[in-house]
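For reference, protein-v3.txt is printed below; it contains compact mmCIF, C-alpha atoms.
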```
# COMPACT_ATOMS: atom_id res chain seq x y z
CA MET A 1 -114.85 -73.64 24.81
CA PRO A 2 -115.19 -75.17 28.28
CA HIS A 3 -115.00 -72.89 31.34
CA ARG A 4 -115.26 -69.76 29.22
CA ASP A 5 -117.80 -68.18 31.58
CA ALA A 6 -115.77 -69.12 34.65
CA ALA A 7 -112.64 -67.57 33.13
CA TYR A 8 -114.39 -64.37 32.08
CA ASN A 9 -116.25 -63.92 35.36
CA LEU A 10 -113.05 -64.29 37.41
CA ALA A 11 -111.18 -61.81 35.19
CA ARG A 12 -114.10 -59.39 35.25
CA TRP A 13 -114.04 -59.20 39.04
CA ILE A 14 -110.27 -59.17 39.53
CA LEU A 15 -109.82 -56.47 36.87
CA ARG A 16 -113.07 -54.62 37.68
CA GLY A 17 -113.80 -54.04 34.03
CA ARG A 18 -115.52 -55.88 31.21
CA ALA A 19 -113.33 -54.74 28.31
CA GLN A 20 -110.13 -55.63 30.16
CA ALA A 21 -111.66 -58.93 31.20
CA GLU A 22 -112.36 -59.82 27.59
CA ASP A 23 -108.80 -59.07 26.53
CA VAL A 24 -107.17 -60.87 29.42
CA THR A 25 -109.46 -63.91 29.12
CA GLN A 26 -108.55 -64.20 25.47
CA GLU A 27 -104.88 -63.98 26.29
CA ALA A 28 -105.26 -66.59 29.03
CA PHE A 29 -106.99 -68.99 26.65
CA LEU A 30 -104.22 -68.57 24.10
CA ARG A 31 -101.64 -69.24 26.75
CA ALA A 32 -103.54 -72.29 27.96
CA TYR A 33 -103.78 -73.57 24.39
CA ARG A 34 -100.08 -73.21 23.75
CA SER A 35 -99.03 -74.79 27.02
CA PHE A 36 -101.52 -77.62 27.05
CA GLY A 37 -98.58 -79.96 27.59
CA GLY A 38 -98.19 -78.39 31.01
CA PHE A 39 -101.60 -79.69 31.98
CA GLN A 40 -101.03 -82.59 34.39
CA SER A 41 -104.43 -84.29 34.13
CA GLY A 42 -106.93 -83.61 36.87
CA ASN A 43 -108.95 -80.46 37.32
CA ALA A 44 -109.06 -78.58 34.02
CA ARG A 45 -111.11 -75.69 35.44
CA ALA A 46 -108.62 -75.09 38.24
CA TRP A 47 -105.74 -75.27 35.79
CA LEU A 48 -107.36 -72.76 33.44
CA LEU A 49 -108.44 -70.39 36.24
CA GLN A 50 -104.89 -70.39 37.58
CA ILE A 51 -103.68 -69.14 34.19
CA VAL A 52 -106.49 -66.57 34.11
CA ARG A 53 -105.71 -65.14 37.54
CA ASN A 54 -101.99 -65.02 36.76
CA CYS A 55 -102.73 -63.10 33.57
CA CYS A 56 -105.00 -60.75 35.57
CA PHE A 57 -102.38 -59.96 38.17
CA THR A 58 -99.75 -59.45 35.47
CA TRP A 59 -102.14 -57.03 33.78
CA LEU A 60 -102.74 -55.13 37.03
CA GLN A 61 -99.00 -54.90 37.59
CA GLN A 62 -98.24 -53.75 34.05
CA ASN A 63 -100.94 -51.13 34.27
CA HIS A 64 -99.54 -49.90 37.55
CA VAL A 65 -102.54 -50.59 39.66
CA ALA A 66 -100.17 -50.42 42.58
CA GLU A 67 -102.41 -50.89 45.58
CA GLU A 68 -103.66 -54.09 44.07
CA MET A 69 -100.49 -55.96 44.77
CA THR A 70 -100.79 -55.81 48.56
CA GLU A 71 -100.40 -59.27 50.01
CA PHE A 72 -102.86 -60.76 52.47
CA ASP A 73 -100.65 -60.11 55.46
CA GLU A 74 -100.28 -56.42 54.69
CA LEU A 75 -103.95 -55.77 54.06
CA THR A 76 -105.54 -53.37 56.46
CA MET A 77 -108.05 -55.08 58.61
CA PRO A 78 -111.44 -53.89 59.71
CA PRO A 79 -111.99 -53.54 63.46
CA LYS A 80 -111.48 -56.88 65.09
CA THR A 81 -114.81 -57.21 66.76
CA GLU A 82 -117.74 -56.76 64.48
CA ASN A 83 -120.62 -54.80 65.89
CA PRO A 84 -124.13 -56.22 65.94
CA GLU A 85 -125.23 -53.82 63.19
CA SER A 86 -122.74 -55.14 60.69
CA LEU A 87 -123.64 -58.71 61.59
CA ALA A 88 -127.34 -58.00 61.23
CA MET A 89 -126.84 -56.83 57.69
CA ALA A 90 -129.82 -55.51 55.81
CA SER A 91 -130.56 -56.64 52.30
CA TYR A 92 -128.63 -54.88 49.57
CA ASP A 93 -129.21 -54.36 45.90
CA ARG A 94 -126.87 -55.56 43.21
CA GLU A 95 -125.24 -52.18 42.73
CA ARG A 96 -124.33 -51.85 46.39
CA LEU A 97 -122.91 -55.37 46.54
CA GLN A 98 -121.00 -54.89 43.31
CA ARG A 99 -119.41 -51.70 44.59
CA ALA A 100 -118.48 -53.29 47.92
CA LEU A 101 -116.99 -56.32 46.19
CA GLU A 102 -114.99 -54.12 43.85
CA ASP A 103 -113.72 -52.02 46.76
CA LEU A 104 -112.11 -55.06 48.33
CA PRO A 105 -108.41 -55.66 47.70
CA ALA A 106 -107.78 -57.80 44.61
CA HIS A 107 -106.75 -60.92 46.52
CA PHE A 108 -109.95 -60.76 48.56
CA ARG A 109 -112.09 -60.22 45.46
CA GLU A 110 -110.44 -63.17 43.80
CA ILE A 111 -111.03 -65.54 46.69
CA LEU A 112 -114.65 -64.47 47.25
CA VAL A 113 -115.51 -64.78 43.56
CA LEU A 114 -113.96 -68.25 43.40
CA ARG A 115 -115.86 -69.38 46.48
CA GLU A 116 -119.21 -67.58 46.25
CA LEU A 117 -119.75 -67.15 42.52
CA GLU A 118 -117.75 -70.04 41.08
CA GLY A 119 -118.42 -72.49 43.92
CA CYS A 120 -114.82 -73.72 44.15
CA SER A 121 -113.72 -75.91 47.05
CA TYR A 122 -110.92 -74.78 49.36
CA LYS A 123 -108.65 -77.27 47.64
CA GLU A 124 -109.40 -75.82 44.22
CA ILE A 125 -108.93 -72.25 45.45
CA ALA A 126 -105.59 -73.27 46.96
CA ALA A 127 -104.55 -74.78 43.61
CA ILE A 128 -105.72 -71.76 41.60
CA THR A 129 -104.10 -69.14 43.82
CA THR A 130 -101.08 -71.37 44.62
CA ARG A 131 -101.48 -70.77 48.32
CA PRO A 132 -101.69 -73.22 51.23
CA ILE A 133 -105.23 -74.21 52.23
CA GLY A 134 -104.72 -72.61 55.66
CA THR A 135 -104.04 -69.25 54.03
CA VAL A 136 -107.12 -69.66 51.84
CA MET A 137 -109.25 -70.35 54.90
CA SER A 138 -108.11 -67.35 56.89
CA ALA A 139 -108.18 -65.06 53.86
CA LEU A 140 -111.75 -66.09 53.11
CA ALA A 141 -112.78 -65.34 56.68
CA ARG A 142 -111.18 -61.90 56.47
CA ALA A 143 -112.55 -61.17 53.02
CA ARG A 144 -116.10 -61.84 54.21
CA GLN A 145 -115.60 -59.74 57.30
CA GLN A 146 -114.28 -56.84 55.25
CA LEU A 147 -117.06 -57.13 52.69
CA ARG A 148 -119.60 -56.89 55.48
CA PHE A 149 -117.72 -53.92 56.86
CA LEU A 150 -117.87 -52.14 53.50
CA LEU A 151 -121.57 -52.86 53.22
CA THR A 152 -122.27 -51.08 56.50
CA GLU A 153 -120.28 -47.99 55.54
CA PRO A 154 -122.41 -45.04 54.50
CA VAL A 155 -122.56 -44.66 50.72
CA PRO A 156 -120.43 -41.74 49.56
CA LYS A 157 -122.13 -39.37 47.16
CA GLY A 158 -121.32 -39.89 43.51
CA ALA A 159 -119.61 -43.20 44.25
CA GLY A 160 -119.72 -45.98 41.74
CA ARG A 161 -117.30 -47.21 39.21
CA ASP A 162 -117.83 -46.97 35.50
CA LEU A 163 -117.21 -50.18 33.68
CA MET B 1 -115.87 -61.95 73.91
CA THR B 2 -114.80 -63.09 70.47
CA CYS B 3 -114.86 -66.85 70.35
CA GLU B 4 -111.52 -68.39 69.43
CA LEU B 5 -113.16 -70.78 67.00
CA THR B 6 -114.73 -68.17 64.78
CA GLN B 7 -111.89 -67.14 62.54
CA THR B 8 -111.41 -70.20 60.39
CA ARG B 9 -113.34 -73.14 61.81
CA LEU B 10 -116.67 -71.37 61.51
CA HIS B 11 -115.93 -70.69 57.85
CA ALA B 12 -114.79 -74.25 57.20
CA TYR B 13 -118.06 -75.44 58.74
CA PHE B 14 -120.09 -72.86 56.82
CA ASP B 15 -118.44 -73.91 53.54
CA GLY B 16 -119.00 -77.60 54.16
CA GLU B 17 -115.26 -78.19 54.26
CA MET B 18 -115.19 -79.99 57.59
CA ASP B 19 -115.13 -83.73 58.03
CA ALA B 20 -118.15 -85.33 59.69
CA ILE B 21 -116.50 -85.56 63.09
CA GLY B 22 -115.30 -81.96 63.06
CA ALA B 23 -118.72 -80.76 61.94
CA ALA B 24 -120.48 -82.68 64.71
CA GLU B 25 -118.07 -81.20 67.23
CA PHE B 26 -118.69 -77.72 65.90
CA GLU B 27 -122.46 -78.19 66.03
CA ARG B 28 -122.15 -79.11 69.68
CA HIS B 29 -120.12 -75.97 70.20
CA LEU B 30 -122.73 -73.87 68.37
CA GLU B 31 -125.41 -74.87 70.84
CA ALA B 32 -123.38 -73.39 73.66
CA CYS B 33 -121.96 -70.32 71.90
CA PRO B 34 -124.42 -67.56 70.93
CA ASP B 35 -121.52 -65.55 69.49
CA CYS B 36 -120.71 -68.23 66.92
CA GLU B 37 -124.37 -68.73 66.22
CA MET B 38 -124.81 -65.04 65.41
CA ARG B 39 -121.74 -65.05 63.18
CA LEU B 40 -122.91 -68.09 61.32
CA ALA B 41 -126.26 -66.41 60.68
CA ALA B 42 -124.40 -63.34 59.40
CA GLU B 43 -122.40 -65.48 56.96
CA GLU B 44 -125.58 -67.07 55.70
CA LYS B 45 -127.11 -63.63 55.18
CA LEU B 46 -124.07 -62.45 53.26
CA ARG B 47 -124.11 -65.52 51.04
CA ALA B 48 -127.82 -65.12 50.36
CA ALA B 49 -127.26 -61.47 49.44
CA LEU B 50 -124.38 -62.34 47.10
CA SER B 51 -126.21 -65.11 45.31
CA GLY B 52 -129.45 -63.11 45.21
CA ALA B 53 -127.71 -60.21 43.50
CA GLN B 54 -126.71 -62.38 40.53
CA LEU B 55 -123.21 -61.05 40.30
CA TYR B 56 -121.95 -63.84 38.05
CA GLU B 57 -121.23 -62.45 34.61
CA ARG B 58 -121.15 -64.79 31.67
CA ALA B 59 -118.71 -64.35 28.82
CA PRO B 60 -120.20 -62.04 26.20
CA GLU B 61 -120.86 -63.20 22.66
CA SER B 62 -118.03 -61.00 21.38
CA LEU B 63 -115.50 -62.99 23.42
CA ARG B 64 -116.87 -66.27 22.14
CA LYS B 65 -116.36 -65.07 18.59
CA LYS B 66 -112.85 -63.79 19.29
CA LEU B 67 -111.85 -67.12 20.80
CA GLN B 68 -113.35 -69.01 17.89
CA ILE B 69 -111.14 -67.06 15.53
CA SER B 70 -107.92 -66.88 17.53
CA LEU B 71 -107.69 -70.33 19.10
CA PRO B 72 -107.60 -72.59 16.02
CA LYS B 73 -104.79 -70.41 14.67
CA ALA B 74 -102.79 -70.96 17.82
CA ALA B 75 -103.27 -74.71 17.62
CA VAL B 76 -102.21 -75.25 13.99
CA PRO B 77 -98.51 -76.18 13.66
CA PRO B 78 -96.34 -74.17 11.25
CA PRO B 79 -96.39 -75.47 7.65
CA VAL B 80 -93.59 -77.87 6.67
CA SER B 81 -92.08 -78.12 3.20
CA ARG B 82 -91.09 -81.53 1.97
CA SER B 83 -89.24 -83.02 -1.01
CA ARG B 84 -89.67 -86.40 -2.59
CA ALA B 85 -86.32 -87.62 -1.37
CA GLU B 86 -87.51 -87.09 2.17
CA SER B 87 -90.58 -89.21 1.85
CA TRP B 88 -88.96 -92.28 3.50
CA ARG B 89 -88.40 -90.09 6.49
CA TRP B 90 -92.10 -89.42 6.68
CA LEU B 91 -92.64 -93.13 6.81
CA ALA B 92 -90.32 -93.36 9.81
CA ILE B 93 -92.11 -90.45 11.45
CA ALA B 94 -95.47 -92.07 10.76
CA ALA B 95 -94.25 -95.30 12.34
CA THR B 96 -93.02 -93.37 15.38
CA VAL B 97 -96.36 -91.63 15.69
CA VAL B 98 -98.20 -94.94 15.56
CA LEU B 99 -95.91 -96.38 18.22
CA ALA B 100 -96.16 -93.28 20.40
CA THR B 101 -99.95 -93.27 20.08
CA PHE B 102 -100.08 -96.91 21.09
CA LEU B 103 -97.81 -96.37 24.09
CA GLY B 104 -99.75 -93.26 25.04
CA TRP B 105 -102.99 -95.17 24.82
CA GLN B 106 -101.62 -97.92 27.05
CA TYR B 107 -100.41 -95.31 29.50
CA LEU B 108 -103.77 -93.51 29.51
CA ARG B 109 -105.52 -96.81 30.08
CA SER B 110 -103.41 -97.52 33.14
CA LEU B 111 -103.99 -93.94 34.34
CA ASN B 112 -107.69 -94.36 33.80
CA ARG B 113 -107.72 -97.59 35.78
CA PHE B 114 -105.84 -95.81 38.55
CA SER B 115 -108.20 -92.83 38.61
CA GLN B 116 -111.24 -95.13 38.53
CA GLN B 117 -109.84 -96.88 41.56
CA GLN B 118 -109.26 -93.51 43.25
CA ALA B 119 -112.80 -92.39 42.44
CA MET B 120 -114.26 -95.61 43.83
CA ALA B 121 -112.16 -95.29 46.99
CA ALA B 122 -113.47 -91.74 47.40
CA LEU B 123 -117.07 -93.00 47.10
CA ILE B 124 -116.38 -95.66 49.73
CA VAL B 125 -114.81 -93.16 52.13
CA ASP B 126 -117.74 -90.78 51.57
CA ALA B 127 -120.21 -93.55 52.38
CA HIS B 128 -118.22 -94.31 55.51
CA LEU B 129 -118.30 -90.64 56.57
CA ARG B 130 -122.01 -90.41 55.83
CA SER B 131 -122.65 -93.40 58.06
CA LEU B 132 -120.91 -91.65 60.96
CA GLN B 133 -123.42 -88.81 61.00
CA PRO B 134 -125.71 -89.13 64.01
CA GLY B 135 -128.43 -91.74 63.45
CA HIS B 136 -127.05 -92.98 60.15
CA LEU B 137 -124.86 -95.84 61.23
CA GLU B 138 -127.26 -98.76 61.53
CA ASP B 139 -130.78 -99.50 60.35
CA VAL B 140 -130.78 -102.77 62.24
CA ILE B 141 -128.97 -102.67 65.55
CA SER B 142 -127.93 -106.08 66.70
CA THR B 143 -124.82 -107.95 67.70
CA ASP B 144 -126.48 -111.16 66.54
CA GLN B 145 -125.66 -112.27 63.01
CA HIS B 146 -128.92 -114.23 62.95
CA THR B 147 -130.83 -110.99 63.40
CA VAL B 148 -128.79 -108.89 61.00
CA LYS B 149 -128.74 -111.36 58.11
CA PRO B 150 -132.54 -111.89 57.86
CA TRP B 151 -133.05 -108.12 58.09
CA PHE B 152 -131.53 -107.77 54.61
CA ASP B 153 -134.00 -110.35 53.32
CA GLY B 154 -136.31 -108.72 50.78
CA LYS B 155 -134.46 -105.42 50.95
CA ILE B 156 -131.75 -106.39 48.48
CA ASP B 157 -131.59 -109.01 45.77
CA PHE B 158 -128.83 -111.02 47.41
CA ALA B 159 -128.10 -112.53 50.80
CA PRO B 160 -124.87 -111.03 52.10
CA PRO B 161 -122.73 -113.26 54.30
CA VAL B 162 -123.04 -111.86 57.83
CA ARG B 163 -120.70 -113.07 60.54
CA ASP B 164 -119.82 -111.85 63.98
CA PHE B 165 -116.13 -111.74 64.88
CA ALA B 166 -116.55 -110.58 68.47
CA ASN B 167 -114.14 -113.24 69.72
CA ASP B 168 -111.45 -111.86 67.44
CA GLY B 169 -111.99 -108.25 68.45
CA PHE B 170 -114.45 -107.23 65.72
CA PRO B 171 -117.90 -107.27 67.35
CA LEU B 172 -120.79 -106.99 64.89
CA MET B 173 -122.82 -103.87 65.72
CA GLY B 174 -125.48 -103.88 63.05
CA GLY B 175 -126.21 -103.35 59.39
CA ARG B 176 -127.88 -100.99 56.97
CA LEU B 177 -128.51 -100.46 53.29
CA ASP B 178 -126.29 -98.12 51.35
CA VAL B 179 -125.95 -97.02 47.77
CA ILE B 180 -122.47 -96.77 46.33
CA ASP B 181 -121.88 -95.67 42.77
CA GLY B 182 -125.54 -96.27 41.99
CA ARG B 183 -125.50 -99.84 43.29
CA THR B 184 -127.21 -101.11 46.39
CA ALA B 185 -124.82 -102.54 48.92
CA ALA B 186 -125.26 -104.17 52.29
CA ALA B 187 -123.24 -102.35 54.90
CA LEU B 188 -122.11 -104.35 57.91
CA VAL B 189 -120.94 -102.35 60.89
CA TYR B 190 -118.19 -103.71 63.10
CA GLY B 191 -116.48 -102.20 66.09
CA ARG B 192 -112.73 -102.25 66.47
CA ARG B 193 -111.73 -100.95 69.87
CA LYS B 194 -113.01 -97.37 69.63
CA HIS B 195 -113.17 -97.34 65.84
CA ILE B 196 -116.07 -98.08 63.55
CA VAL B 197 -115.49 -100.34 60.55
CA ASN B 198 -117.93 -100.36 57.65
CA VAL B 199 -117.85 -103.43 55.42
CA PHE B 200 -119.74 -102.87 52.17
CA VAL B 201 -120.90 -106.02 50.44
CA ALA B 202 -122.08 -105.97 46.83
CA LYS B 203 -122.37 -108.52 44.07
CA THR B 204 -119.14 -108.62 42.10
CA GLN B 205 -119.54 -107.17 38.63
CA PRO B 206 -117.16 -107.25 35.71
CA GLY B 207 -115.03 -104.12 35.77
CA ASP B 208 -115.16 -103.65 39.52
CA SER B 209 -112.31 -101.26 39.97
CA LEU B 210 -111.47 -101.55 43.64
CA ASN B 211 -108.92 -104.13 44.62
CA GLY B 212 -106.16 -104.40 47.16
CA SER B 213 -105.93 -101.66 49.74
CA GLY B 214 -105.21 -98.00 50.08
CA GLU B 215 -105.56 -94.85 52.09
CA LEU B 216 -107.59 -91.72 51.45
CA GLN B 217 -107.99 -88.66 53.70
CA GLY B 218 -106.62 -90.67 56.61
CA TYR B 219 -109.07 -93.56 56.13
CA HIS B 220 -107.87 -97.02 55.19
CA TRP B 221 -109.71 -99.32 52.87
CA VAL B 222 -109.23 -102.96 51.95
CA ALA B 223 -111.16 -104.66 49.16
CA TRP B 224 -111.46 -108.34 48.36
CA GLN B 225 -113.66 -110.77 46.51
CA GLN B 226 -115.18 -114.01 47.71
CA ASN B 227 -117.99 -116.22 46.43
CA GLY B 228 -119.19 -113.67 43.92
CA PHE B 229 -119.26 -110.79 46.41
CA THR B 230 -117.01 -107.78 46.60
CA PHE B 231 -116.20 -106.72 50.15
CA THR B 232 -114.81 -103.31 50.95
CA ALA B 233 -113.80 -102.55 54.52
CA VAL B 234 -113.20 -98.92 55.42
CA SER B 235 -112.26 -97.32 58.71
CA ASP B 236 -109.95 -94.93 60.48
CA ALA B 237 -108.55 -97.96 62.28
CA ALA B 238 -105.07 -99.20 61.30
CA SER B 239 -104.76 -100.93 57.93
CA ALA B 240 -103.40 -104.02 59.75
CA ASP B 241 -106.77 -104.25 61.55
CA LEU B 242 -108.60 -104.21 58.24
CA ASP B 243 -106.28 -106.90 56.86
CA GLN B 244 -107.08 -109.01 59.90
CA LEU B 245 -110.81 -108.56 59.31
CA LYS B 246 -110.30 -109.58 55.68
CA GLN B 247 -108.49 -112.79 56.77
CA LEU B 248 -111.24 -113.57 59.28
CA SER B 249 -113.88 -113.08 56.66
CA LEU B 250 -112.04 -115.22 54.09
CA ALA B 251 -111.53 -118.06 56.59
CA PRO B 252 -114.25 -120.68 56.40
```
Could you render the structure from this file as structure tokens?
Amino acid sequence: MPHRDAAYNLARWILRGRAQAEDVTQEAFLRAYRSFGGFQSGNARAWLLQIVRNCCFTWLQQNHVAEEMTEFDELTMPPKTENPESLAMASYDRERLQRALEDLPAHFREILVLRELEGCSYKEIAAITTRPIGTVMSALARARQQLRFLLTEPVPKGAGRDL
Amino acid sequence: MTCELTQTRLHAYFDGEMDAIGAAEFERHLEACPDCEMRLAAEEKLRAALSGAQLYERAPESLRKKLQISLPKAAVPPPVSRSRAESWRWLAIAATVVLATFLGWQYLRSLNRFSQQQAMAALIVDAHLRSLQPGHLEDVISTDQHTVKPWFDGKIDFAPPVRDFANDGFPLMGGRLDVIDGRTAAALVYGRRKHIVNVFVAKTQPGDSLNGSGELQGYHWVAWQQNGFTFTAVSDAASADLDQLKQLSLAP
């Protein structure tokens, strides 16, 4: 099954859970299989990941993960000027990075995972998220800024999400 | 204090999504802007942290098994009952399938030819962009065709025709070796007003996919064949200019 890892990894980070990711990835593959006629030659990975992310956001909606649906424009922004401390970020362990990534809004998680973990080009991200490239570019800039911001926040006691 | 450029251009540069000219411009800006330099370093740090943490999670074995079971089921069409009296109909359907397959195959072949041409054009435009990076344009710098032509001697297994068209507005600037699609090509560099034109010359091979002309990412290309060589001119100059260069080159 081509792009199985890519599909699962994207779902895992958008949904923030491994069990959900397995279910939704399976559903996305079934959907892709049934609608293969809708595939207009070209980038199969982008086509599949678009189905995966749509399934993920439908799942979030159906499960009433309300705050997830905030659009880019409504997302609260970190302070506009970053301080030297946040720019001179220390090294962080996997757990800290995972938590920060998961604390980002869903649309930011999605775009960062596609770019940093999946290595997609702007054009592919635009195709997958069905957004103009300009929006992808500015969202990516903001997502990185916010991730850095979260990484400089003090760690709350007992934080951490169970998967 | 915050530099205007940072928001998106810095990220486009950082992600390698800028064209060669934009990137060169941004690098010049970087030298003068410590703010952007610091931000760029911060982005690099963040990327290193993300990739170092190995956050990518592969699909578990359980999912692979689930897909193996569920997908074939989804792909199998519902069973059809048939009677003997209907068997002539099956013949008609079979004939239709054969015809449709044939037409589909023809269509795919034409698509394939088209996408091969697109892929080749992309390689040519990439080579052109590469050549515009500082210090990459010419290996031999000369406006004299009698200097440029012998330079290729011994470097490639053919002698590319090298001509200067300075009198017609295409001064020869130099030449270099390039590799396109795994094949060595001689690249001749011409000027056209303020534009640079690369003309790639390679031995024509059966199945060479590039022919005619086209446009990609704002760059024009024109390809033609003469005396066993395939010429491909590429530039941001107008396509009419490239056509003129082609006519000049074809003229004896």
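Across the structure, CA of Ser115 (chain B) and CA of Ala238 (chain B) are spaced 23.8 Å apart.
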>> With all atoms listed in the file considered, list every residue of chain A at most 8 Å from chain B, as a PyMOL selection string.
In response: chain A and resi 4-6+8-9+12+22+26+29-30+33-34+81+87-89+91-94+97-98+116-117+121-122+137-138+140-141+144+148
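For Arg130 (chain B), the non-local neighbours within 9 Å, defined as residues at least 6 positions apart in the same chain or in other chains and counting all atoms listed in the file, are B:Ala20, B:His136, B:Leu137.
Interatomic distance, CA of Phe231 (chain B) to CA of Lys194 (chain B): 21.8 Å.
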> Skipping near chain neighbours, those fewer than 4 positions away, what residues fall within 9 Å of Asn211 (chain B) using all atoms listed in the file, listed as a list in words?
Replying inline: Gln117, Val222, Ala223, Trp224, Gln225 and Thr232 of chain B
> CA of Leu15 (chain A) to CA of Leu60 (chain A): how many Å, to one decimal?
Replying inline: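 Separation of CA of Leu15 (chain A) and CA of Leu60 (chain A): 7.2 Å.
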List every protein, DNA or RNA residue with an atom no more than 6 Å from (-116.0, -117.1, 52.6) in the file's coordinates, counting only C-alpha atoms, and format the result as a compact mmCIF listing (two decimals) with C-alpha atoms, in the frame of the given file.
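What follows is the written file result35.txt:
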```txt
# COMPACT_ATOMS: atom_id res chain seq x y z
CA GLN B 226 -115.18 -114.01 47.71
CA LEU B 250 -112.04 -115.22 54.09
CA PRO B 252 -114.25 -120.68 56.40
```
